[in-house]
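One file, my_file.pdb, carrying PDB, C-alpha atoms, pLDDT in the B column:
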```
ATOM      1  CA  MET A   4      19.759  10.822  10.006  1.00 85.00           C
ATOM      2  CA  THR A   5      16.481   8.936   9.726  1.00 94.00           C
ATOM      3  CA  ARG A   6      13.750  10.817  11.557  1.00 97.00           C
ATOM      4  CA  MET A   7      10.720   9.120   9.993  1.00 98.00           C
ATOM      5  CA  VAL A   8       9.885   5.986   8.011  1.00 98.00           C
ATOM      6  CA  LEU A   9       6.771   6.085   5.831  1.00 98.00           C
ATOM      7  CA  PHE A  10       5.151   2.924   4.542  1.00 98.00           C
ATOM      8  CA  ASP A  11       2.823   2.058   1.733  1.00 98.00           C
ATOM      9  CA  LEU A  12      -0.139   0.113   3.128  1.00 97.00           C
ATOM     10  CA  ASP A  13      -1.262  -2.808   0.958  1.00 96.00           C
ATOM     11  CA  GLY A  14       1.621  -5.157   0.236  1.00 96.00           C
ATOM     12  CA  THR A  15       4.121  -3.384   2.482  1.00 97.00           C
ATOM     13  CA  LEU A  16       2.732  -2.931   5.980  1.00 97.00           C
ATOM     14  CA  VAL A  17      -0.393  -5.084   5.830  1.00 97.00           C
ATOM     15  CA  ASP A  18      -1.295  -8.169   3.813  1.00 97.00           C
ATOM     16  CA  THR A  19      -4.756  -7.283   2.506  1.00 97.00           C
ATOM     17  CA  ALA A  20      -4.674  -9.441  -0.631  1.00 96.00           C
ATOM     18  CA  HIS A  21      -7.054 -12.074   0.732  1.00 96.00           C
ATOM     19  CA  ASP A  22      -9.789  -9.516   1.435  1.00 97.00           C
ATOM     20  CA  LEU A  23      -9.226  -7.651  -1.834  1.00 97.00           C
ATOM     21  CA  GLY A  24      -9.399 -10.954  -3.694  1.00 97.00           C
ATOM     22  CA  TYR A  25     -12.415 -12.113  -1.717  1.00 98.00           C
ATOM     23  CA  ALA A  26     -14.333  -9.004  -2.793  1.00 98.00           C
ATOM     24  CA  LEU A  27     -13.260  -9.529  -6.405  1.00 98.00           C
ATOM     25  CA  ASN A  28     -14.462 -13.120  -6.376  1.00 98.00           C
ATOM     26  CA  LEU A  29     -17.766 -12.033  -4.847  1.00 98.00           C
ATOM     27  CA  GLN A  30     -18.119  -9.670  -7.792  1.00 98.00           C
ATOM     28  CA  ARG A  31     -17.149 -12.360 -10.311  1.00 98.00           C
ATOM     29  CA  GLU A  32     -19.701 -14.674  -8.724  1.00 98.00           C
ATOM     30  CA  LYS A  33     -22.327 -11.947  -9.040  1.00 98.00           C
ATOM     31  CA  HIS A  34     -21.595 -11.831 -12.783  1.00 98.00           C
ATOM     32  CA  GLY A  35     -21.700 -15.591 -13.223  1.00 98.00           C
ATOM     33  CA  LEU A  36     -17.944 -16.135 -13.316  1.00 98.00           C
ATOM     34  CA  ALA A  37     -15.845 -18.659 -11.443  1.00 98.00           C
ATOM     35  CA  HIS A  38     -13.570 -17.636  -8.593  1.00 98.00           C
ATOM     36  CA  LEU A  39      -9.939 -16.858  -9.386  1.00 98.00           C
ATOM     37  CA  PRO A  40      -7.198 -18.476  -7.287  1.00 97.00           C
ATOM     38  CA  HIS A  41      -5.503 -16.281  -4.693  1.00 96.00           C
ATOM     39  CA  GLU A  42      -2.121 -16.629  -6.387  1.00 95.00           C
ATOM     40  CA  VAL A  43      -3.577 -15.150  -9.595  1.00 96.00           C
ATOM     41  CA  ILE A  44      -5.068 -12.109  -7.825  1.00 97.00           C
ATOM     42  CA  ARG A  45      -2.236 -11.400  -5.343  1.00 96.00           C
ATOM     43  CA  PRO A  46       0.193  -9.611  -7.741  1.00 94.00           C
ATOM     44  CA  TYR A  47      -2.563  -7.110  -8.602  1.00 93.00           C
ATOM     45  CA  ALA A  48      -3.469  -6.298  -5.005  1.00 92.00           C
ATOM     46  CA  SER A  49      -1.213  -3.228  -4.804  1.00 86.00           C
ATOM     47  CA  HIS A  50      -2.742  -1.688  -7.925  1.00 89.00           C
ATOM     48  CA  GLY A  51      -6.144  -0.942  -6.416  1.00 90.00           C
ATOM     49  CA  SER A  52      -9.456  -1.392  -8.184  1.00 95.00           C
ATOM     50  CA  LYS A  53      -7.812  -0.644 -11.532  1.00 94.00           C
ATOM     51  CA  GLY A  54      -5.527  -3.652 -11.252  1.00 95.00           C
ATOM     52  CA  LEU A  55      -8.144  -5.912  -9.710  1.00 97.00           C
ATOM     53  CA  LEU A  56     -10.752  -5.179 -12.379  1.00 98.00           C
ATOM     54  CA  SER A  57      -8.066  -5.775 -14.977  1.00 97.00           C
ATOM     55  CA  VAL A  58      -7.350  -9.304 -13.759  1.00 97.00           C
ATOM     56  CA  GLY A  59     -10.946 -10.027 -12.747  1.00 98.00           C
ATOM     57  CA  PHE A  60     -12.829  -8.712 -15.773  1.00 98.00           C
ATOM     58  CA  ASN A  61     -10.187  -7.607 -18.302  1.00 97.00           C
ATOM     59  CA  LEU A  62     -11.430  -4.052 -17.862  1.00 98.00           C
ATOM     60  CA  LYS A  63      -9.474  -0.852 -18.453  1.00 97.00           C
ATOM     61  CA  PRO A  64     -10.341   2.610 -17.063  1.00 96.00           C
ATOM     62  CA  GLU A  65     -11.315   3.834 -20.525  1.00 97.00           C
ATOM     63  CA  ASP A  66     -13.921   1.069 -20.943  1.00 98.00           C
ATOM     64  CA  ALA A  67     -17.539   2.226 -20.771  1.00 97.00           C
ATOM     65  CA  SER A  68     -18.451  -0.145 -17.936  1.00 97.00           C
ATOM     66  CA  PHE A  69     -15.344   0.483 -15.831  1.00 98.00           C
ATOM     67  CA  GLN A  70     -16.756   3.136 -13.466  1.00 97.00           C
ATOM     68  CA  ALA A  71     -19.914   1.172 -12.680  1.00 98.00           C
ATOM     69  CA  MET A  72     -17.885  -1.991 -12.094  1.00 98.00           C
ATOM     70  CA  ARG A  73     -15.438  -0.058  -9.917  1.00 97.00           C
ATOM     71  CA  ASP A  74     -18.274   1.323  -7.790  1.00 97.00           C
ATOM     72  CA  GLU A  75     -19.718  -2.178  -7.466  1.00 98.00           C
ATOM     73  CA  TYR A  76     -16.358  -3.616  -6.452  1.00 98.00           C
ATOM     74  CA  LEU A  77     -15.696  -0.925  -3.851  1.00 97.00           C
ATOM     75  CA  ALA A  78     -19.133  -1.457  -2.322  1.00 97.00           C
ATOM     76  CA  LEU A  79     -18.353  -5.160  -1.946  1.00 98.00           C
ATOM     77  CA  TYR A  80     -14.880  -4.492  -0.556  1.00 97.00           C
ATOM     78  CA  ASP A  81     -16.377  -2.066   1.951  1.00 97.00           C
ATOM     79  CA  GLN A  82     -18.254  -5.027   3.454  1.00 97.00           C
ATOM     80  CA  VAL A  83     -15.226  -7.326   3.834  1.00 97.00           C
ATOM     81  CA  LEU A  84     -12.149  -5.099   4.255  1.00 97.00           C
ATOM     82  CA  THR A  85     -11.660  -6.011   7.932  1.00 96.00           C
ATOM     83  CA  ARG A  86     -12.311  -9.718   7.373  1.00 96.00           C
ATOM     84  CA  ALA A  87      -8.704 -10.887   7.547  1.00 94.00           C
ATOM     85  CA  PRO A  88      -6.065  -8.121   7.236  1.00 96.00           C
ATOM     86  CA  THR A  89      -2.734  -9.354   8.616  1.00 96.00           C
ATOM     87  CA  LEU A  90       0.476  -7.569   9.438  1.00 96.00           C
ATOM     88  CA  PHE A  91       3.346  -8.976   7.411  1.00 96.00           C
ATOM     89  CA  GLU A  92       5.707 -11.099   9.489  1.00 94.00           C
ATOM     90  CA  GLY A  93       7.915  -8.936  11.669  1.00 94.00           C
ATOM     91  CA  VAL A  94       6.028  -5.679  11.061  1.00 96.00           C
ATOM     92  CA  ASP A  95       4.857  -5.285  14.654  1.00 94.00           C
ATOM     93  CA  GLU A  96       8.415  -5.801  15.931  1.00 94.00           C
ATOM     94  CA  LEU A  97       9.704  -3.323  13.358  1.00 95.00           C
ATOM     95  CA  LEU A  98       7.222  -0.637  14.424  1.00 96.00           C
ATOM     96  CA  TRP A  99       8.013  -1.106  18.110  1.00 95.00           C
ATOM     97  CA  LYS A 100      11.731  -0.773  17.374  1.00 95.00           C
ATOM     98  CA  LEU A 101      11.153   2.436  15.467  1.00 96.00           C
ATOM     99  CA  GLU A 102       9.049   3.823  18.302  1.00 96.00           C
ATOM    100  CA  ASN A 103      11.588   2.796  20.954  1.00 95.00           C
ATOM    101  CA  LYS A 104      14.348   4.601  19.068  1.00 94.00           C
ATOM    102  CA  GLY A 105      12.252   7.734  18.706  1.00 96.00           C
ATOM    103  CA  ILE A 106      11.873   7.327  14.944  1.00 96.00           C
ATOM    104  CA  LEU A 107       8.466   8.415  13.692  1.00 98.00           C
ATOM    105  CA  TRP A 108       6.515   6.219  11.306  1.00 98.00           C
ATOM    106  CA  GLY A 109       3.449   6.754   9.171  1.00 98.00           C
ATOM    107  CA  VAL A 110       1.371   5.452   6.298  1.00 98.00           C
ATOM    108  CA  VAL A 111       1.051   6.973   2.840  1.00 98.00           C
ATOM    109  CA  THR A 112      -1.298   5.049   0.578  1.00 98.00           C
ATOM    110  CA  ASN A 113      -3.374   5.534  -2.548  1.00 96.00           C
ATOM    111  CA  LYS A 114      -6.188   3.695  -0.778  1.00 96.00           C
ATOM    112  CA  PRO A 115      -9.173   5.988  -0.107  1.00 96.00           C
ATOM    113  CA  ARG A 116      -9.597   7.178   3.476  1.00 97.00           C
ATOM    114  CA  ARG A 117     -12.992   5.456   3.786  1.00 97.00           C
ATOM    115  CA  PHE A 118     -11.157   2.108   3.628  1.00 97.00           C
ATOM    116  CA  THR A 119      -7.811   3.018   5.183  1.00 98.00           C
ATOM    117  CA  VAL A 120      -9.027   4.247   8.560  1.00 98.00           C
ATOM    118  CA  PRO A 121     -11.266   1.274   9.485  1.00 97.00           C
ATOM    119  CA  LEU A 122      -8.599  -1.113   8.220  1.00 97.00           C
ATOM    120  CA  LEU A 123      -5.870   0.421  10.389  1.00 98.00           C
ATOM    121  CA  GLU A 124      -8.240   0.664  13.344  1.00 97.00           C
ATOM    122  CA  SER A 125      -9.072  -3.046  13.026  1.00 96.00           C
ATOM    123  CA  ILE A 126      -5.398  -3.953  13.524  1.00 96.00           C
ATOM    124  CA  ASN A 127      -4.730  -1.275  16.173  1.00 95.00           C
ATOM    125  CA  LEU A 128      -2.321   0.826  14.108  1.00 97.00           C
ATOM    126  CA  MET A 129      -4.342   3.990  13.498  1.00 97.00           C
ATOM    127  CA  GLN A 130      -3.533   5.579  16.857  1.00 95.00           C
ATOM    128  CA  ARG A 131       0.134   4.560  16.735  1.00 96.00           C
ATOM    129  CA  ALA A 132       0.931   6.156  13.383  1.00 98.00           C
ATOM    130  CA  THR A 133       2.356   9.681  13.392  1.00 98.00           C
ATOM    131  CA  CYS A 134       0.495  10.429  10.164  1.00 98.00           C
ATOM    132  CA  VAL A 135      -1.834   8.644   7.752  1.00 98.00           C
ATOM    133  CA  VAL A 136      -2.200  10.168   4.289  1.00 98.00           C
ATOM    134  CA  CYS A 137      -4.629   8.598   1.818  1.00 98.00           C
ATOM    135  CA  GLY A 138      -5.059   8.838  -1.928  1.00 96.00           C
ATOM    136  CA  ASP A 139      -8.034  11.168  -1.674  1.00 96.00           C
ATOM    137  CA  ASP A 140      -6.270  13.546   0.724  1.00 98.00           C
ATOM    138  CA  VAL A 141      -4.378  15.079  -2.216  1.00 98.00           C
ATOM    139  CA  LYS A 142      -5.231  16.133  -5.758  1.00 97.00           C
ATOM    140  CA  GLU A 143      -2.683  13.773  -7.299  1.00 97.00           C
ATOM    141  CA  PRO A 144      -1.893  10.436  -5.600  1.00 96.00           C
ATOM    142  CA  LYS A 145       1.325   8.449  -6.116  1.00 98.00           C
ATOM    143  CA  PRO A 146       3.439   8.457  -8.257  1.00 98.00           C
ATOM    144  CA  ASP A 147       3.016  12.186  -7.646  1.00 98.00           C
ATOM    145  CA  PRO A 148       4.946  13.113  -4.461  1.00 98.00           C
ATOM    146  CA  ALA A 149       2.150  15.292  -3.018  1.00 98.00           C
ATOM    147  CA  SER A 150       0.932  12.715  -0.475  1.00 98.00           C
ATOM    148  CA  LEU A 151       4.457  12.071   0.803  1.00 98.00           C
ATOM    149  CA  LEU A 152       5.166  15.776   1.148  1.00 98.00           C
ATOM    150  CA  LEU A 153       1.883  16.231   3.014  1.00 98.00           C
ATOM    151  CA  ALA A 154       2.959  13.493   5.460  1.00 98.00           C
ATOM    152  CA  CYS A 155       6.208  15.388   6.068  1.00 98.00           C
ATOM    153  CA  GLN A 156       4.296  18.608   6.688  1.00 98.00           C
ATOM    154  CA  GLN A 157       2.004  16.883   9.176  1.00 98.00           C
ATOM    155  CA  ALA A 158       4.940  15.310  11.030  1.00 98.00           C
ATOM    156  CA  LYS A 159       7.121  18.437  10.773  1.00 98.00           C
ATOM    157  CA  VAL A 160       9.959  16.403   9.262  1.00 98.00           C
ATOM    158  CA  GLN A 161      12.055  17.242   6.204  1.00 98.00           C
ATOM    159  CA  PRO A 162      11.757  14.790   3.265  1.00 98.00           C
ATOM    160  CA  GLN A 163      15.524  14.203   3.190  1.00 98.00           C
ATOM    161  CA  ASP A 164      15.262  12.797   6.734  1.00 97.00           C
ATOM    162  CA  CYS A 165      12.678  10.207   5.654  1.00 97.00           C
ATOM    163  CA  TRP A 166      12.543   6.775   4.091  1.00 98.00           C
ATOM    164  CA  TYR A 167       9.615   5.579   2.017  1.00 98.00           C
ATOM    165  CA  VAL A 168       9.070   1.828   1.773  1.00 98.00           C
ATOM    166  CA  GLY A 169       6.706   0.385  -0.852  1.00 98.00           C
ATOM    167  CA  ASP A 170       6.162  -2.589  -3.127  1.00 97.00           C
ATOM    168  CA  ALA A 171       5.208  -0.839  -6.393  1.00 96.00           C
ATOM    169  CA  GLU A 172       7.127   1.251  -8.901  1.00 97.00           C
ATOM    170  CA  ARG A 173       4.900   4.278  -8.254  1.00 97.00           C
ATOM    171  CA  ASP A 174       5.972   4.159  -4.573  1.00 98.00           C
ATOM    172  CA  ILE A 175       9.629   4.504  -5.501  1.00 98.00           C
ATOM    173  CA  GLN A 176       8.857   7.173  -8.094  1.00 98.00           C
ATOM    174  CA  ALA A 177       6.915   9.200  -5.523  1.00 98.00           C
ATOM    175  CA  GLY A 178       9.558   8.810  -2.832  1.00 98.00           C
ATOM    176  CA  ASN A 179      12.377   9.806  -5.149  1.00 98.00           C
ATOM    177  CA  ALA A 180      10.403  12.801  -6.430  1.00 98.00           C
ATOM    178  CA  ALA A 181       9.787  13.889  -2.828  1.00 98.00           C
ATOM    179  CA  GLY A 182      13.526  13.798  -2.090  1.00 98.00           C
ATOM    180  CA  MET A 183      13.330  10.813   0.281  1.00 98.00           C
ATOM    181  CA  LYS A 184      15.404   7.667   0.456  1.00 98.00           C
ATOM    182  CA  THR A 185      13.409   4.748  -0.935  1.00 98.00           C
ATOM    183  CA  ALA A 186      13.237   0.991  -0.384  1.00 98.00           C
ATOM    184  CA  VAL A 187      11.374  -1.761  -2.239  1.00 98.00           C
ATOM    185  CA  ALA A 188       9.490  -4.314  -0.128  1.00 97.00           C
ATOM    186  CA  LEU A 189      10.348  -7.399  -2.183  1.00 97.00           C
ATOM    187  CA  TYR A 190       8.013  -9.501  -0.017  1.00 96.00           C
ATOM    188  CA  GLY A 191       5.023  -7.482  -1.280  1.00 96.00           C
ATOM    189  CA  TYR A 192       2.716  -7.876  -4.253  1.00 96.00           C
ATOM    190  CA  LEU A 193       5.299  -7.894  -7.016  1.00 94.00           C
ATOM    191  CA  ASP A 194       4.450  -9.555 -10.316  1.00 90.00           C
ATOM    192  CA  VAL A 195       6.918 -11.753 -12.192  1.00 89.00           C
ATOM    193  CA  ALA A 196       7.033  -9.040 -14.865  1.00 90.00           C
ATOM    194  CA  ASP A 197       8.111  -6.356 -12.371  1.00 94.00           C
ATOM    195  CA  ARG A 198      11.720  -5.182 -12.512  1.00 97.00           C
ATOM    196  CA  PRO A 199      12.296  -3.512  -9.129  1.00 97.00           C
ATOM    197  CA  GLU A 200      16.019  -3.250  -9.776  1.00 97.00           C
ATOM    198  CA  GLU A 201      15.164  -0.712 -12.483  1.00 98.00           C
ATOM    199  CA  TRP A 202      12.974   1.494 -10.295  1.00 98.00           C
ATOM    200  CA  GLY A 203      15.792   3.585  -8.820  1.00 98.00           C
ATOM    201  CA  ALA A 204      15.382   2.613  -5.157  1.00 98.00           C
ATOM    202  CA  ASN A 205      18.138   3.024  -2.589  1.00 97.00           C
ATOM    203  CA  GLU A 206      17.551  -0.362  -0.954  1.00 97.00           C
ATOM    204  CA  PHE A 207      15.775  -3.680  -1.521  1.00 97.00           C
ATOM    205  CA  MET A 208      14.126  -5.391   1.444  1.00 96.00           C
ATOM    206  CA  ARG A 209      13.543  -9.142   1.271  1.00 96.00           C
ATOM    207  CA  ASN A 210      11.702  -9.078   4.609  1.00 94.00           C
ATOM    208  CA  THR A 211      11.009  -6.791   7.544  1.00 92.00           C
ATOM    209  CA  LEU A 212      14.242  -7.891   9.240  1.00 90.00           C
ATOM    210  CA  ASP A 213      16.096  -6.229   6.362  1.00 92.00           C
ATOM    211  CA  ILE A 214      14.179  -3.041   7.111  1.00 91.00           C
ATOM    212  CA  VAL A 215      15.182  -3.225  10.780  1.00 86.00           C
ATOM    213  CA  ASN A 216      18.835  -3.839   9.953  1.00 88.00           C
ATOM    214  CA  THR A 217      18.985  -1.065   7.351  1.00 89.00           C
ATOM    215  CA  LEU A 218      16.855   1.699   8.802  1.00 84.00           C
ATOM    216  CA  VAL A 219      16.896   1.280  12.585  1.00 77.00           C
TER     217      VAL A 219
END
```
Output the file's structure as structure tokens, nothing else.
Amino acid sequence: MTRMVLFDLDGTLVDTAHDLGYALNLQREKHGLAHLPHEVIRPYASHGSKGLLSVGFNLKPEDASFQAMRDEYLALYDQVLTRAPTLFEGVDELLWKLENKGILWGVVTNKPRRFTVPLLESINLMQRATCVVCGDDVKEPKPDPASLLLACQQAKVQPQDCWYVGDAERDIQAGNAAGMKTAVALYGYLDVADRPEEWGANEFMRNTLDIVNTLV
């Protein structure tokens, strides 16, 4: 029996790619570089600052300038993160259906809490969620299962009674490691090089209607 559905945030529950990309282009502009098109940035939006700095500046975490550039990017994103976040089509209906059936739902994201809370508050989801676990709430974020297990503890629900829905391989790895059923949000920020069929998920969701039909 499904007692709770947990969602990744960026690329699964909320479309934040425009704001993430806007901050990246502000940073590129600051360094004398031209803006990148949205369609170039979008596939990297689920991979946090690491992915965005990779596509924006060809930087890797081991590079000497990475930390300073990451701090600069996050400061810029902090200014624009509530500019235009949008629920993916059908998400609001999905959440209401879960609530009406007595199924709990929550958010488990690698996004730091300093960004997650104001973002969710700006779209009126913070108070509705049973639990919100962020990347800095645990020692090891996804693909480690710690954040998902913490969400279960907070909601007093067993992992085997939960689904985790995400759009990145680390989401499925974390959900499987936590003992949950897992689903890939194919409408999210997948790159053409991604092979979601190889990630070991239980289900593949083309849209939120698929989630309703499968989980509710």
With distances taken over all atoms listed in the file, which of A:Thr5, A:Asn179, A:Gln156, A:Thr133 is nearest to Trp108 (chain A)? A:Thr133
Could you name the residues that touch Cys134 (chain A) at 12 Å or less, counting all atoms listed in the file, but leaving out those on the same chain fewer than 3 positions away, as a count of residues only? 28
Spatial neighbours of Ala181 (chain A), 12 Å, all atoms listed in the file, chain gap at least 2 places, as a VMD selection string: chain A and resid 145 to 156 161 to 167 174 to 179 183 to 185
Resolved residues for the PyMOL selection byres ((chain A and resi 70-81) around 12) as a ChimeraX atom specification: /A:19-34,51-57,59-69,82-86,114-122
Would you work out the distance separating CA of Gly93 (chain A) from CA of Asp213 (chain A), expressed in Å to one decimal? 10.1 Å
Between region 32-151 of chain A and region 191-206 of chain A, at 7 Å or less, what are the per-residue closest atom pairs and their distances in Å? Count only C-alpha atoms, order by chain and rising residue number, and return it as JSON lines.
```
{"residue": "A:Arg45", "atom": "CA", "partner": "A:Tyr192", "partner_atom": "CA", "distance": 6.2}
{"residue": "A:Pro46", "atom": "CA", "partner": "A:Tyr192", "partner_atom": "CA", "distance": 4.6}
{"residue": "A:Tyr47", "atom": "CA", "partner": "A:Tyr192", "partner_atom": "CA", "distance": 6.9}
{"residue": "A:Ala48", "atom": "CA", "partner": "A:Tyr192", "partner_atom": "CA", "distance": 6.4}
{"residue": "A:Ser49", "atom": "CA", "partner": "A:Tyr192", "partner_atom": "CA", "distance": 6.1}
```
Excluding Thr217 (chain A) and any residue of its chain fewer than 6 positions from it, enumerate the residues within 10 Å of it, using all atoms listed in the file, and give them as an mmCIF file with C-alpha atoms, in the coordinates of the input.
```cif
data_model
loop_
_atom_site.group_PDB
_atom_site.id
_atom_site.type_symbol
_atom_site.label_atom_id
_atom_site.label_comp_id
_atom_site.auth_asym_id
_atom_site.auth_seq_id
_atom_site.Cartn_x
_atom_site.Cartn_y
_atom_site.Cartn_z
ATOM 1 C CA ALA A 186 13.237 0.991 -0.384
ATOM 2 C CA GLU A 206 17.551 -0.362 -0.954
ATOM 3 C CA PHE A 207 15.775 -3.680 -1.521
ATOM 4 C CA MET A 208 14.126 -5.391 1.444
ATOM 5 C CA THR A 211 11.009 -6.791 7.544
#
```
Out of A:Arg209, A:His41, A:His50, A:Lys142, which residue has the shortest atom-to-atom distance to Val168 (chain A) when counting all atoms listed in the file?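 Answer, going by the shortest atom-to-atom distance: A:Arg209.
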Would you write out, as a count of residues only, every residue that the PyMOL selection byres ((chain A and resi 97) around 12) captures in this file? 30
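In terms of minimum interatomic distance to Asn113 (chain A), A:Ala171 ranks closest within A:Ala132, A:Leu36, A:Val58, A:Ala171, counting all atoms listed in the file.
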Take every atom of region 173-182 of chain A listed in the file, fit an axis-aligned box around them, add 6 Å per side, and give the centre and edge lengths in Å to one decimal as AutoDock Vina command-line options.
```
--center_x 9.2 --center_y 9.0 --center_z -5.2 --size_x 20.6 --size_y 21.7 --size_z 18.2
```
Taking into account all atoms listed in the file, which residue in the set A:Asp11, A:Met4, A:Val43, A:Ala87 is nearest to Arg173 (chain A)? A:Asp11
